[in-house]
Each structure stands twice: as C-alpha cells, then as structure tokens.
$ cat start12.cif   # mmCIF, C-alpha atoms
data_input
loop_
_atom_site.label_atom_id
_atom_site.label_comp_id
_atom_site.auth_asym_id
_atom_site.auth_seq_id
_atom_site.Cartn_x
_atom_site.Cartn_y
_atom_site.Cartn_z
CA MET A 1 116.77 218.93 -40.48
CA ASN A 2 118.12 216.34 -42.91
CA GLU A 3 121.80 215.46 -43.11
CA TYR A 4 123.19 217.76 -45.79
CA LYS A 5 126.62 218.34 -47.29
CA TYR A 6 126.14 221.99 -48.29
CA HIS A 7 124.61 225.12 -46.82
CA CYS A 8 122.40 225.63 -49.87
CA GLN A 9 120.59 222.37 -49.11
CA HIS A 10 119.21 223.35 -45.72
CA GLN A 11 118.61 226.85 -47.11
CA ALA A 12 116.45 225.46 -49.92
CA GLU A 13 114.51 223.39 -47.40
CA SER A 14 113.95 226.53 -45.32
CA PHE A 15 112.53 228.28 -48.42
CA ALA A 16 110.01 225.44 -48.79
CA LYS A 17 108.99 225.66 -45.13
CA ALA A 18 108.71 229.46 -45.32
CA ILE A 19 105.80 229.35 -47.77
CA VAL A 20 102.90 230.18 -45.49
CA PRO A 21 99.53 228.40 -45.85
CA VAL A 22 97.11 230.01 -48.29
CA PRO A 23 93.82 230.92 -46.52
CA ASP A 24 90.66 229.71 -48.23
CA ASP A 25 89.05 233.14 -48.07
CA TYR A 26 91.84 235.73 -48.18
CA PRO A 27 90.80 239.07 -49.72
CA LEU A 28 91.87 239.00 -53.36
CA LYS A 29 93.45 241.87 -55.23
CA ASP A 30 90.92 243.69 -57.44
CA GLY A 31 90.42 241.97 -60.76
CA LEU A 32 91.44 238.47 -59.73
CA PRO A 33 88.86 235.68 -60.17
CA GLU A 34 87.45 233.83 -57.17
CA ASP A 35 89.11 230.57 -58.17
CA PHE A 36 92.54 232.22 -58.06
CA ARG A 37 92.97 231.16 -54.40
CA ILE A 38 92.74 227.50 -55.40
CA ARG A 39 95.10 228.02 -58.30
CA PHE A 40 97.61 229.86 -56.12
CA LYS A 41 97.58 227.00 -53.60
CA LYS A 42 98.61 224.68 -56.41
CA LEU A 43 101.45 227.02 -57.36
CA CYS A 44 102.66 227.06 -53.74
CA GLU A 45 102.57 223.28 -53.58
CA LEU A 46 104.60 223.11 -56.78
CA ALA A 47 107.10 225.67 -55.47
CA LYS A 48 107.60 223.64 -52.28
CA GLU A 49 108.33 220.55 -54.36
CA VAL A 50 110.90 222.47 -56.40
CA TYR A 51 112.66 223.85 -53.31
CA MET A 52 112.81 220.38 -51.75
CA ASP A 53 114.22 219.05 -55.00
CA MET A 54 116.90 221.75 -54.78
CA ALA A 55 117.72 220.48 -51.31
CA LYS A 56 118.16 216.95 -52.65
CA GLN A 57 120.19 217.77 -55.75
CA PRO A 58 121.55 221.35 -55.62
CA GLU A 59 124.09 220.67 -58.38
CA SER A 60 121.22 220.23 -60.84
CA TYR A 61 120.15 223.83 -60.22
CA GLY A 62 123.64 225.31 -60.32
CA LEU A 63 123.48 226.39 -56.69
CA MET A 64 126.62 227.55 -54.91
CA LEU A 65 128.11 224.64 -52.97
CA VAL A 66 129.79 225.50 -49.67
CA ASP A 67 130.50 222.79 -47.11
CA ILE A 68 127.91 222.64 -44.33
CA GLU A 69 130.70 222.82 -41.76
CA SER A 70 131.85 226.23 -43.00
CA LYS A 71 131.07 229.11 -40.63
CA ASP A 72 131.89 231.79 -43.22
CA GLN A 73 128.80 234.01 -43.09
CA ASN A 74 129.60 235.81 -46.35
CA ARG A 75 129.86 232.57 -48.33
CA ALA A 76 126.76 231.20 -46.62
CA ARG A 77 124.90 234.37 -47.62
CA ASP A 78 126.04 233.94 -51.22
CA CYS A 79 124.67 230.39 -51.17
CA TYR A 80 121.38 231.69 -49.80
CA ARG A 81 121.08 234.15 -52.66
CA THR A 82 121.39 231.41 -55.28
CA ILE A 83 118.14 229.88 -54.01
CA HIS A 84 116.35 232.95 -55.37
CA ARG A 85 117.21 231.97 -58.93
CA PHE A 86 114.13 229.77 -59.26
CA ALA A 87 111.62 232.57 -58.58
CA ASP A 88 113.85 235.03 -60.48
CA LEU A 89 113.71 232.80 -63.54
CA LEU A 90 109.91 232.61 -63.43
CA SER A 91 109.82 236.40 -63.19
CA ARG A 92 112.12 236.81 -66.21
CA LEU A 93 110.07 234.39 -68.27
CA CYS A 94 106.84 236.24 -67.45
CA SER A 95 108.27 239.71 -68.02
CA SER A 96 109.56 238.59 -71.42
CA GLY A 97 106.40 236.87 -72.61
CA GLU A 98 102.68 237.03 -73.23
CA LEU A 99 99.98 234.46 -72.54
CA LYS A 100 98.44 232.87 -75.62
CA ASN A 101 96.09 229.89 -75.36
CA ARG A 102 97.40 229.04 -71.88
CA GLN A 103 100.97 229.08 -73.14
CA LEU A 104 103.56 231.71 -72.34
CA ALA A 105 105.04 233.00 -75.60
CA VAL A 106 108.48 234.37 -74.73
CA GLY A 107 110.68 236.63 -76.82
CA ALA A 108 114.12 235.01 -76.80
CA ASP A 109 116.11 238.26 -77.03
CA ALA A 110 114.15 239.90 -74.22
CA PHE A 111 114.52 236.79 -72.07
CA LYS A 112 118.27 236.44 -72.67
CA LYS A 113 118.77 240.11 -71.83
CA ALA A 114 116.73 239.75 -68.64
CA VAL A 115 118.58 236.69 -67.35
CA LYS A 116 122.00 238.12 -68.18
CA LYS A 117 121.57 241.69 -66.92
CA GLY A 118 118.66 241.49 -64.51
CA THR A 119 115.96 244.07 -63.97
CA GLY A 120 115.34 246.65 -61.28
CA LEU A 121 117.12 247.24 -57.99
CA VAL A 122 116.67 243.84 -56.38
CA SER A 123 116.52 241.57 -59.44
CA GLY A 124 119.96 240.64 -60.70
CA PRO A 125 121.13 238.21 -63.39
CA VAL A 126 120.10 234.55 -63.30
CA PRO A 127 123.25 232.47 -63.85
CA LYS A 128 122.93 228.88 -65.09
CA TYR A 129 119.29 229.41 -65.95
CA GLU A 130 119.44 226.50 -68.41
CA LEU A 131 119.98 224.08 -65.50
CA ILE A 132 116.85 225.36 -63.76
CA LEU A 133 114.84 225.07 -66.97
CA SER A 134 116.01 221.50 -67.33
CA ARG A 135 114.91 220.59 -63.80
CA LEU A 136 111.55 222.33 -64.27
CA SER A 137 110.97 220.08 -67.26
CA ALA A 138 111.05 217.17 -64.81
CA PHE A 139 108.17 218.80 -62.92
CA GLY A 140 105.93 218.96 -65.98
CA PHE A 141 106.90 222.27 -67.61
CA VAL A 142 107.31 222.04 -71.37
CA PHE A 143 109.76 224.42 -73.08
CA SER A 144 109.67 224.46 -76.84
CA GLY A 145 113.05 224.18 -78.56
CA PHE A 146 114.93 223.61 -75.31
CA ASP A 147 117.57 220.87 -75.44
CA GLY A 148 119.40 221.46 -72.15
CA LYS A 149 121.50 224.36 -73.44
CA PRO A 150 121.00 228.15 -73.45
CA TYR A 151 118.81 229.30 -76.30
CA GLY A 152 120.83 229.79 -79.45
CA LYS A 153 121.29 233.00 -81.41
CA LYS A 154 118.83 231.89 -84.09
CA THR A 155 115.98 231.35 -81.62
CA GLU A 156 113.50 234.23 -81.88
CA ALA A 157 110.82 232.95 -79.53
CA PHE A 158 109.79 229.93 -77.51
CA THR A 159 106.79 228.84 -75.49
CA VAL A 160 106.32 227.58 -71.95
CA GLU A 161 103.36 225.51 -70.86
CA TYR A 162 102.28 223.19 -68.06
CA PRO A 163 100.02 220.51 -69.55
CA ASP A 164 99.19 218.84 -66.21
CA ASP A 165 97.42 222.05 -65.13
CA PRO A 166 96.88 224.42 -68.09
CA ASP A 167 95.97 227.33 -65.78
CA MET A 168 99.38 227.20 -64.08
CA MET A 169 101.14 229.57 -66.50
CA ASP A 170 98.38 232.15 -66.07
CA THR A 171 98.71 231.81 -62.27
CA ILE A 172 102.48 232.24 -62.39
CA LYS A 173 102.29 235.28 -64.64
CA THR A 174 99.61 236.90 -62.46
CA TYR A 175 101.69 236.28 -59.34
CA CYS A 176 104.85 237.70 -60.95
CA GLU A 177 103.01 240.78 -62.22
CA CYS A 178 101.50 241.44 -58.78
CA TYR A 179 104.94 241.19 -57.22
CA GLU A 180 106.47 243.57 -59.77
CA VAL A 181 103.76 246.13 -59.00
CA LEU A 182 104.39 245.93 -55.25
CA LYS A 183 108.15 246.31 -55.63
CA ASN A 184 107.47 249.93 -56.52
CA LYS A 185 106.90 251.73 -53.22
CA GLU A 186 104.47 254.14 -54.85
CA ASN A 187 102.10 251.25 -55.59
CA ARG A 188 101.89 249.93 -52.04
CA PRO A 189 98.69 250.55 -50.10
CA GLU A 190 98.58 252.10 -46.66
CA THR A 191 98.70 249.38 -44.03
CA GLU A 192 99.58 249.23 -40.34
CA TYR A 193 102.20 246.68 -41.19
CA SER A 194 105.50 247.92 -42.59
CA LEU A 195 106.07 246.98 -46.23
CA HIS A 196 109.57 248.44 -46.49
CA GLU A 197 111.27 245.04 -46.97
CA MET A 198 109.31 243.77 -49.93
CA HIS A 199 112.18 241.80 -51.45
CA HIS A 200 112.62 239.85 -48.20
CA ARG A 201 109.14 239.48 -46.83
CA PHE A 202 107.26 238.57 -49.97
CA TYR A 203 109.78 236.64 -52.02
CA ARG A 204 108.66 233.11 -51.27
CA PHE A 205 105.25 232.73 -52.90
CA ASP A 206 103.31 234.66 -50.28
CA TYR A 207 99.57 234.74 -50.96
CA LYS A 208 99.49 238.34 -49.72
CA ILE A 209 101.24 239.46 -52.90
CA THR A 210 97.99 238.70 -54.70
CA SER A 211 95.72 240.06 -51.96
CA ASP A 212 94.05 243.30 -51.03
CA LEU A 213 96.84 244.08 -48.58
CA ALA A 214 94.94 246.75 -46.70
CA ALA A 215 92.25 244.19 -45.84
CA ILE A 216 94.66 241.72 -44.20
CA PRO A 217 94.18 241.88 -40.38
CA THR A 218 97.37 242.81 -38.54
CA ARG A 219 97.11 239.68 -36.41
CA GLN A 220 97.32 237.64 -39.62
CA TRP A 221 100.61 239.36 -40.43
CA VAL A 222 101.89 238.32 -37.00
CA SER A 223 100.83 234.73 -37.59
CA ASP A 224 102.28 234.63 -41.11
CA ASP A 225 105.56 236.14 -39.94
CA ALA A 226 105.88 233.32 -37.44
CA GLY A 227 105.53 230.77 -40.22
CA TYR A 228 107.72 232.69 -42.65
CA ASN A 229 110.54 233.01 -40.11
CA GLY A 230 110.33 229.43 -38.90
CA PHE A 231 109.20 230.13 -35.34
CA PRO A 232 108.84 226.95 -33.26
CA PRO A 233 105.25 226.37 -32.03
CA GLU A 234 105.72 227.91 -28.56
CA LEU A 235 107.30 231.05 -30.03
CA LYS A 236 104.47 231.40 -32.55
CA MET A 237 101.93 231.20 -29.71
CA PHE A 238 104.00 233.69 -27.73
CA SER A 239 104.23 236.15 -30.62
CA LEU A 240 100.45 236.14 -30.99
CA ALA A 241 99.95 236.49 -27.22
CA PHE A 242 102.49 239.34 -27.15
CA TYR A 243 100.63 241.14 -29.95
CA ASP A 244 97.25 240.62 -28.27
CA GLU A 245 98.64 242.05 -25.03
CA SER A 246 99.94 245.13 -26.87
CA LEU A 247 96.37 246.00 -27.85
CA LYS A 248 95.58 246.73 -24.21
CA TYR A 249 97.78 249.83 -24.15
CA LYS A 250 97.25 253.34 -25.48
CA GLY A 251 99.74 254.58 -28.04
CA ILE A 252 101.36 251.24 -28.93
CA LYS A 253 101.72 250.73 -32.67
CA PHE A 254 102.80 247.55 -34.42
CA ASP A 255 104.33 247.52 -37.90
CA GLY A 256 106.44 244.39 -37.56
CA GLU A 257 108.03 245.99 -34.49
CA TYR A 258 106.38 247.59 -31.46
CA HIS A 259 106.55 251.37 -31.11
CA TYR A 260 105.42 253.92 -28.57
CA LYS A 261 105.36 257.41 -30.03
CA SER A 262 108.62 257.60 -32.00
CA LYS A 263 110.49 254.89 -30.06
CA ARG A 264 110.80 251.20 -30.76
CA VAL A 265 110.00 249.41 -27.52
CA ALA A 266 110.15 245.75 -28.50
CA ARG A 267 110.62 243.32 -31.36
CA ILE A 268 111.14 239.61 -31.87
CA GLN A 269 114.47 239.02 -33.58
CA GLN A 270 116.15 236.03 -35.10
CA GLY A 271 119.77 235.12 -35.60
CA TYR A 272 121.50 234.76 -38.94
CA MET A 273 119.38 232.49 -41.13
CA ALA A 274 121.89 231.43 -43.80
CA LEU A 275 123.96 229.31 -41.41
CA GLY A 276 120.89 227.46 -40.13
CA ASN A 277 119.39 226.95 -36.66
CA PRO A 278 118.79 230.66 -35.91
CA LYS A 279 118.41 231.80 -32.32
CA PHE A 280 115.28 233.78 -31.55
CA ARG A 281 114.97 236.46 -28.91
CA LEU A 282 112.59 239.12 -27.67
CA SER A 283 114.43 242.43 -27.59
CA VAL A 284 112.92 244.98 -25.18
CA LYS A 285 114.22 248.57 -24.99
CA LEU A 286 114.64 249.48 -21.32
CA SER A 287 116.79 252.43 -20.22
CA LYS A 288 116.05 252.81 -16.50
CA PRO A 289 115.38 249.39 -14.96
CA ASP A 290 116.51 250.61 -11.52
CA LYS A 291 113.22 252.51 -11.19
CA TYR A 292 111.26 249.26 -11.15
CA MET A 293 113.88 246.80 -9.91
CA ASP A 294 111.48 245.79 -7.14
CA ILE A 295 109.22 244.37 -9.87
CA ILE A 296 112.10 242.80 -11.82
CA GLU A 297 113.31 240.92 -8.73
CA LYS A 298 109.90 239.23 -8.45
CA LEU A 299 109.87 238.03 -12.07
CA PRO A 300 110.33 234.36 -13.04
CA ASP A 301 113.99 233.38 -12.95
CA ASP A 302 114.30 232.91 -16.72
CA ILE A 303 113.07 236.48 -17.30
CA GLN A 304 115.49 237.91 -14.73
CA LYS A 305 118.54 236.49 -16.53
CA PRO A 306 119.28 239.49 -18.81
CA PHE A 307 119.39 241.75 -15.74
CA GLU A 308 122.02 239.61 -14.01
CA TRP A 309 125.00 240.74 -16.07
CA GLY A 310 126.16 243.71 -18.10
CA ASN A 311 127.29 243.63 -21.72
CA CYS A 312 128.92 247.06 -22.18
CA ARG A 313 132.27 246.73 -24.00
CA TYR A 314 133.20 250.35 -23.24
CA CYS A 315 133.87 250.97 -26.92
CA ASP A 316 134.45 254.34 -28.55
CA PHE A 317 131.28 254.33 -30.66
CA GLN A 318 130.32 257.91 -31.61
CA GLY A 319 132.93 259.36 -29.26
CA ALA A 320 132.00 257.28 -26.22
CA THR A 321 134.47 257.06 -23.34
CA ARG A 322 134.66 254.85 -20.28
CA GLU A 323 133.15 257.68 -18.27
CA HIS A 324 130.28 258.56 -20.62
CA CYS A 325 128.27 257.05 -23.44
CA LYS A 326 124.80 258.15 -24.46
CA PHE A 327 123.91 254.53 -25.27
CA ARG A 328 125.04 253.09 -21.93
CA VAL A 329 122.35 251.67 -19.65
CA LEU A 330 123.13 251.50 -15.92
CA TRP A 331 121.40 249.46 -13.24
CA ASN A 332 121.98 247.56 -10.00
CA TYR A 333 121.10 243.92 -9.55
CA ASP A 334 121.54 242.03 -6.30
CA GLY A 335 123.79 244.83 -5.04
CA ILE A 336 126.07 244.80 -8.09
CA ALA A 337 126.41 247.85 -10.38
CA LEU A 338 126.05 246.79 -14.04
CA ALA A 339 126.32 248.51 -17.42
CA GLY A 340 124.89 247.49 -20.75
CA CYS A 341 124.52 248.75 -24.30
CA ALA A 342 121.17 250.13 -25.37
CA HIS A 343 121.72 248.45 -28.75
CA ALA A 344 122.09 244.99 -27.23
CA CYS A 345 120.12 244.69 -23.98
CA PHE A 346 117.65 243.47 -22.88
CA ASP A 347 117.16 240.26 -24.88
CA PHE A 348 114.95 237.45 -23.58
CA ASP A 349 114.55 233.85 -24.70
CA ALA A 350 111.72 232.77 -22.37
CA PHE A 351 108.71 232.35 -24.67
CA ASP A 352 105.97 230.87 -22.53
CA PRO A 353 102.81 232.60 -23.87
CA GLU A 354 101.83 233.29 -20.25
CA TYR A 355 104.87 235.58 -19.98
CA ALA A 356 103.47 238.05 -22.54
CA PRO A 357 101.72 240.27 -19.91
CA VAL A 358 104.84 240.06 -17.71
CA TYR A 359 107.00 241.60 -20.44
CA TRP A 360 104.39 244.25 -21.09
CA GLN A 361 104.42 245.10 -17.40
CA LEU A 362 108.11 246.03 -17.80
CA ILE A 363 107.37 248.10 -20.89
CA GLU A 364 104.46 249.77 -19.09
CA LYS A 365 106.74 250.84 -16.22
CA GLU A 366 109.54 251.98 -18.55
CA TYR A 367 107.33 254.17 -20.75
CA ASN A 368 104.53 255.07 -18.30
CA LEU A 369 101.96 253.41 -20.53
CA THR A 370 98.26 253.67 -19.86
CA LYS A 371 95.89 250.78 -20.41
CA LEU A 372 92.80 251.23 -22.52
#
$ encode --input "start12.cif" --output "structure tokens"
Amino acid sequence: MNEYKYHCQHQAESFAKAIVPVPDDYPLKDGLPEDFRIRFKKLCELAKEVYMDMAKQPESYGLMLVDIESKDQNRARDCYRTIHRFADLLSRLCSSGELKNRQLAVGADAFKKAVKKGTGLVSGPVPKYELILSRLSAFGFVFSGFDGKPYGKKTEAFTVEYPDDPDMMDTIKTYCECYEVLKNKENRPETEYSLHEMHHRFYRFDYKITSDLAAIPTRQWVSDDAGYNGFPPELKMFSLAFYDESLKYKGIKFDGEYHYKSKRVARIQQGYMALGNPKFRLSVKLSKPDKYMDIIEKLPDDIQKPFEWGNCRYCDFQGATREHCKFRVLWNYDGIALAGCAHACFDFDAFDPEYAPVYWQLIEKEYNLTKL
C-alpha cells in the first residue's frame, strides 16, 4: 500500500482493487447486446482510474479527510462512505436524464433534488457533487454549462457526454439501471448465492449486475468474492479448495456462508475494512470438540491453536451466569479444562489449500455429515 496521509486514500485504492475482472463470456442480462461485455470492461477500467485518482488527490473529490494514524472506527467508516459519492453521482445523473444521440440529457431540477435528498433506502445525498463533476471533466467527460460551480437556478437542463468513447454514456446508464432494478428484492432471481447485501456486494462496478445472475456458477461467486474482499493469493486458493471440498458432503449448502440444515457451520470472515489491512479468518462452528479431541490432537500445529485456550469472558449476555450460559462451549485440551464463546470460537488463520479437507473432517465429526 502506498504512503498515505488519510484513511480515504487507502480506502479509494481498495475500491479500485475490488473491481473484479470482467469475464469475456459472462451470461448477459436479457436484452443487452453482445458487445456490452467489451463496453463494460472499458467502464471498469475508467472507474479504476477514477478511484486511483481519488487516492492521489482526495481533496479534489471532497472526500472526508481523517489522519491515517487515527484508530477511530466511526470516523474511518464515515471516510469510507464518502468514496461512494462517485458511483452515487453517476446514478443520480442517469436517473435524472435520458439518452439522446449518445448524450445524456439531464433535467437540472430533478438532478439537484436527487443529489440533495438522495433516493431510496441506501442512496443518500451526494455532497460536493460539483467537485466530482470537475474531476470527471479531467477524465474526458463533457458537461454542458458547467463552470466548476453547482448548477444555477436558471439552468433547466444540461448534457453529459464522453467524446473519447461515445458509447460510454449508454454503458453507464445501462449499468445504473440494472443496479436500480436489483436493489428491489422483488426483482432478484433465485440463486444459490445470497443476494441480501446488494448495496455492499455489488456497489463497485461488478459485471454480475448486468448478468443473468441465475446462470453464474456458484464457484464463480466464490472466486469473485475473493477478489472483491482483497484475499491474498493463498487465501483465494484456499477459499476455492474449501468450497470444492464442501461439495463432497450431503446437505451442505453455500450462500456466501456454509450451512447444514438450518445451522451455519463455517464462513470466511474479514476484519474491519475501513482502517485497512484487515485480518482474515475461517470461522468454524464447533460445540462439542471433546468428542473428537483424539482427531484434533493429531492436526497440524497451526490448526490446533484455537483449541489451546478459551475465550469465554463469563459475561451476562441474555442472562448468562458463571455457572451456565447456553452459548458457552466446553472442552479439554492437554488436560486443561477450557471454555469459549460459541459466537467467537473457533477461528483459524491457517490457509494452506491442503488444509481444506482437514477442516471439513472437523465439521464432518461435529455434525455427523455423510459424504456423497
């Protein structure tokens, strides 16, 4: 990561890196032309350039500036949210305009209302939008009647175009419209993969927004998630190996997390992203490790680590006492009685892809799984 002064700089860089590669042959949403894949790749390349420009000069975009040394998670989160203004602005422009001769004709009143009040549940106002428009001009966008200030009261309409690639405005509007459709839960297709976090998962120019979602193989979701969440190479390989291993068992379902019947049995988690350098971990739900401690004691040392100590704080959550808690997990390791919290153990950070079947062996013993 580059040397930055503010949190928003490394956050903007992470947005650029989170744009997953666009497959050459992904299944397009009905009605989109075959050349849309190529056009969308160009949009993603442009978006990456804009995010990296934000990282270099965040003041020019009106981003919130908090010193990189600050550990205040709330302020870091606020910085993170300001990165969304770029895509939010494109959405407001498209929702307020119509395409005419490869130009976006935008109603000024509708646009000003959209950027000041926002639209929908997850689309708020876009402060300092004039700064973003000014920077987009440097990337080749042409805004009629724009002189670096908010549009005046007498402006009734204006146009937006991208002369270097005349199809770009059509691509942007199509992308924004597809995203708006998917934000409504009723419009989402049935897929194995959970789509309940649309505003997180699909915000950063994800090709799947413009795809036939039901035709995307689940393994592709796993691979894309690894890229989206910034998994290092070994963890990406592990996540794919872990998914492939799950297919060997009856009753295991994957929707972004691994479930058996109604219980979540495992998931790969990451630490808080806004502060940078997140820590990744594999969280496995085990409630009775004593029943297969003979297996645990033969595991590689780096997989045994979470079993070597307890993490129960003996809190009073939901009426818990020192004597009893329905979330307390008890086990013995090396002759020592230990207690942990079902919400916080067992978390592993050993991601050798060859360990995938080892972890599934633990899950198999815990839940009495049967192989196919």
$ residues_near_point --input "start12.cif" --point "(122.0, 226.0, -52.7)" --cutoff "8 Å" --atoms "all atoms listed in the file" --output "MDAnalysis selection string"
chainID A and resid 6:12 54:55 58 62:65 79:80 82:83
$ atom_distance --input "start12.cif" --atom1 "CA of Gly148 (chain A)" --atom2 "CA of Leu133 (chain A)"
7.8 Å
$ closest_residue --input "start12.cif" --among "A:Tyr367, A:Phe40, A:Phe327, A:Phe111" --to "Lys250 (chain A)" --atoms "all atoms listed in the file"
A:Tyr367
$ atom_distance --input "start12.cif" --atom1 "CA of Ser246 (chain A)" --atom2 "CA of Phe205 (chain A)"
29.3 Å
$ axis_aligned_box --input "start12.cif" --around "region 10-21 of chain A" --padding-each-side "3 Å" --output "lines of an AutoDock Vina configuration file"
center_x = 109.4
center_y = 226.8
center_z = -47.5
size_x = 25.7
size_y = 12.8
size_z = 10.8
$ atom_distance --input "start12.cif" --atom1 "CA of Ser96 (chain A)" --atom2 "CA of Glu59 (chain A)"
26.5 Å
$ decode --input "start12.cif" --residues "region 29-53 of chain A" --atoms "N, CA, C and O atoms" --output "PDB file, in the first residue's frame"
ATOM      1  N   LYS A  29     -27.498 -10.186 -19.097  1.00  0.00           N
ATOM      2  CA  LYS A  29     -28.904  -9.964 -18.786  1.00  0.00           C
ATOM      3  C   LYS A  29     -29.682  -9.873 -20.094  1.00  0.00           C
ATOM      4  O   LYS A  29     -29.186  -9.348 -21.100  1.00  0.00           O
ATOM      5  N   ASP A  30     -30.900 -10.389 -20.102  1.00  0.00           N
ATOM      6  CA  ASP A  30     -31.735 -10.352 -21.311  1.00  0.00           C
ATOM      7  C   ASP A  30     -31.833  -8.928 -21.851  1.00  0.00           C
ATOM      8  O   ASP A  30     -32.052  -7.973 -21.096  1.00  0.00           O
ATOM      9  N   GLY A  31     -31.665  -8.810 -23.153  1.00  0.00           N
ATOM     10  CA  GLY A  31     -31.830  -7.513 -23.803  1.00  0.00           C
ATOM     11  C   GLY A  31     -30.543  -6.748 -24.035  1.00  0.00           C
ATOM     12  O   GLY A  31     -30.544  -5.760 -24.782  1.00  0.00           O
ATOM     13  N   LEU A  32     -29.446  -7.190 -23.411  1.00  0.00           N
ATOM     14  CA  LEU A  32     -28.189  -6.480 -23.603  1.00  0.00           C
ATOM     15  C   LEU A  32     -27.464  -7.016 -24.837  1.00  0.00           C
ATOM     16  O   LEU A  32     -27.448  -8.218 -25.082  1.00  0.00           O
ATOM     17  N   PRO A  33     -26.834  -6.148 -25.625  1.00  0.00           N
ATOM     18  CA  PRO A  33     -26.139  -6.590 -26.838  1.00  0.00           C
ATOM     19  C   PRO A  33     -24.851  -7.336 -26.503  1.00  0.00           C
ATOM     20  O   PRO A  33     -24.267  -7.155 -25.434  1.00  0.00           O
ATOM     21  N   GLU A  34     -24.386  -8.165 -27.430  1.00  0.00           N
ATOM     22  CA  GLU A  34     -23.207  -8.977 -27.211  1.00  0.00           C
ATOM     23  C   GLU A  34     -21.960  -8.138 -26.945  1.00  0.00           C
ATOM     24  O   GLU A  34     -21.069  -8.556 -26.207  1.00  0.00           O
ATOM     25  N   ASP A  35     -21.882  -6.969 -27.537  1.00  0.00           N
ATOM     26  CA  ASP A  35     -20.685  -6.151 -27.334  1.00  0.00           C
ATOM     27  C   ASP A  35     -20.700  -5.408 -26.000  1.00  0.00           C
ATOM     28  O   ASP A  35     -19.759  -4.659 -25.693  1.00  0.00           O
ATOM     29  N   PHE A  36     -21.751  -5.616 -25.199  1.00  0.00           N
ATOM     30  CA  PHE A  36     -21.818  -4.916 -23.916  1.00  0.00           C
ATOM     31  C   PHE A  36     -20.680  -5.342 -22.992  1.00  0.00           C
ATOM     32  O   PHE A  36     -20.188  -4.530 -22.201  1.00  0.00           O
ATOM     33  N   ARG A  37     -20.240  -6.579 -23.077  1.00  0.00           N
ATOM     34  CA  ARG A  37     -19.138  -7.053 -22.218  1.00  0.00           C
ATOM     35  C   ARG A  37     -17.889  -6.196 -22.439  1.00  0.00           C
ATOM     36  O   ARG A  37     -17.226  -5.778 -21.483  1.00  0.00           O
ATOM     37  N   ILE A  38     -17.577  -5.948 -23.708  1.00  0.00           N
ATOM     38  CA  ILE A  38     -16.404  -5.134 -24.036  1.00  0.00           C
ATOM     39  C   ILE A  38     -16.582  -3.717 -23.521  1.00  0.00           C
ATOM     40  O   ILE A  38     -15.671  -3.115 -22.944  1.00  0.00           O
ATOM     41  N   ARG A  39     -17.771  -3.189 -23.702  1.00  0.00           N
ATOM     42  CA  ARG A  39     -18.050  -1.821 -23.247  1.00  0.00           C
ATOM     43  C   ARG A  39     -17.971  -1.723 -21.732  1.00  0.00           C
ATOM     44  O   ARG A  39     -17.477  -0.733 -21.182  1.00  0.00           O
ATOM     45  N   PHE A  40     -18.462  -2.771 -21.040  1.00  0.00           N
ATOM     46  CA  PHE A  40     -18.439  -2.729 -19.581  1.00  0.00           C
ATOM     47  C   PHE A  40     -17.012  -2.834 -19.053  1.00  0.00           C
ATOM     48  O   PHE A  40     -16.673  -2.238 -18.028  1.00  0.00           O
ATOM     49  N   LYS A  41     -16.163  -3.587 -19.743  1.00  0.00           N
ATOM     50  CA  LYS A  41     -14.749  -3.631 -19.360  1.00  0.00           C
ATOM     51  C   LYS A  41     -14.144  -2.236 -19.398  1.00  0.00           C
ATOM     52  O   LYS A  41     -13.368  -1.853 -18.515  1.00  0.00           O
ATOM     53  N   LYS A  42     -14.486  -1.480 -20.420  1.00  0.00           N
ATOM     54  CA  LYS A  42     -13.954  -0.117 -20.534  1.00  0.00           C
ATOM     55  C   LYS A  42     -14.446   0.761 -19.391  1.00  0.00           C
ATOM     56  O   LYS A  42     -13.695   1.587 -18.865  1.00  0.00           O
ATOM     57  N   LEU A  43     -15.700   0.584 -19.002  1.00  0.00           N
ATOM     58  CA  LEU A  43     -16.230   1.342 -17.869  1.00  0.00           C
ATOM     59  C   LEU A  43     -15.477   0.977 -16.591  1.00  0.00           C
ATOM     60  O   LEU A  43     -15.136   1.860 -15.797  1.00  0.00           O
ATOM     61  N   CYS A  44     -15.210  -0.303 -16.393  1.00  0.00           N
ATOM     62  CA  CYS A  44     -14.475  -0.729 -15.195  1.00  0.00           C
ATOM     63  C   CYS A  44     -13.066  -0.159 -15.177  1.00  0.00           C
ATOM     64  O   CYS A  44     -12.558   0.257 -14.127  1.00  0.00           O
ATOM     65  N   GLU A  45     -12.424  -0.135 -16.325  1.00  0.00           N
ATOM     66  CA  GLU A  45     -11.081   0.446 -16.408  1.00  0.00           C
ATOM     67  C   GLU A  45     -11.116   1.925 -16.060  1.00  0.00           C
ATOM     68  O   GLU A  45     -10.238   2.440 -15.346  1.00  0.00           O
ATOM     69  N   LEU A  46     -12.134   2.616 -16.547  1.00  0.00           N
ATOM     70  CA  LEU A  46     -12.281   4.039 -16.240  1.00  0.00           C
ATOM     71  C   LEU A  46     -12.544   4.240 -14.755  1.00  0.00           C
ATOM     72  O   LEU A  46     -11.959   5.135 -14.122  1.00  0.00           O
ATOM     73  N   ALA A  47     -13.409   3.403 -14.177  1.00  0.00           N
ATOM     74  CA  ALA A  47     -13.724   3.530 -12.752  1.00  0.00           C
ATOM     75  C   ALA A  47     -12.482   3.318 -11.896  1.00  0.00           C
ATOM     76  O   ALA A  47     -12.261   4.036 -10.906  1.00  0.00           O
ATOM     77  N   LYS A  48     -11.645   2.343 -12.270  1.00  0.00           N
ATOM     78  CA  LYS A  48     -10.402   2.125 -11.523  1.00  0.00           C
ATOM     79  C   LYS A  48      -9.517   3.360 -11.564  1.00  0.00           C
ATOM     80  O   LYS A  48      -8.909   3.749 -10.555  1.00  0.00           O
ATOM     81  N   GLU A  49      -9.430   3.991 -12.729  1.00  0.00           N
ATOM     82  CA  GLU A  49      -8.607   5.193 -12.855  1.00  0.00           C
ATOM     83  C   GLU A  49      -9.139   6.308 -11.956  1.00  0.00           C
ATOM     84  O   GLU A  49      -8.362   7.032 -11.323  1.00  0.00           O
ATOM     85  N   VAL A  50     -10.458   6.433 -11.889  1.00  0.00           N
ATOM     86  CA  VAL A  50     -11.050   7.473 -11.052  1.00  0.00           C
ATOM     87  C   VAL A  50     -10.758   7.203  -9.575  1.00  0.00           C
ATOM     88  O   VAL A  50     -10.375   8.104  -8.825  1.00  0.00           O
ATOM     89  N   TYR A  51     -10.944   5.964  -9.141  1.00  0.00           N
ATOM     90  CA  TYR A  51     -10.674   5.635  -7.733  1.00  0.00           C
ATOM     91  C   TYR A  51      -9.208   5.882  -7.377  1.00  0.00           C
ATOM     92  O   TYR A  51      -8.893   6.380  -6.290  1.00  0.00           O
ATOM     93  N   MET A  52      -8.295   5.531  -8.278  1.00  0.00           N
ATOM     94  CA  MET A  52      -6.882   5.767  -8.002  1.00  0.00           C
ATOM     95  C   MET A  52      -6.575   7.259  -7.988  1.00  0.00           C
ATOM     96  O   MET A  52      -5.703   7.716  -7.235  1.00  0.00           O
ATOM     97  N   ASP A  53      -7.297   8.019  -8.787  1.00  0.00           N
ATOM     98  CA  ASP A  53      -7.136   9.476  -8.753  1.00  0.00           C
ATOM     99  C   ASP A  53      -7.633  10.032  -7.421  1.00  0.00           C
ATOM    100  O   ASP A  53      -7.042  10.969  -6.866  1.00  0.00           O
TER     101      ASP A  53
END
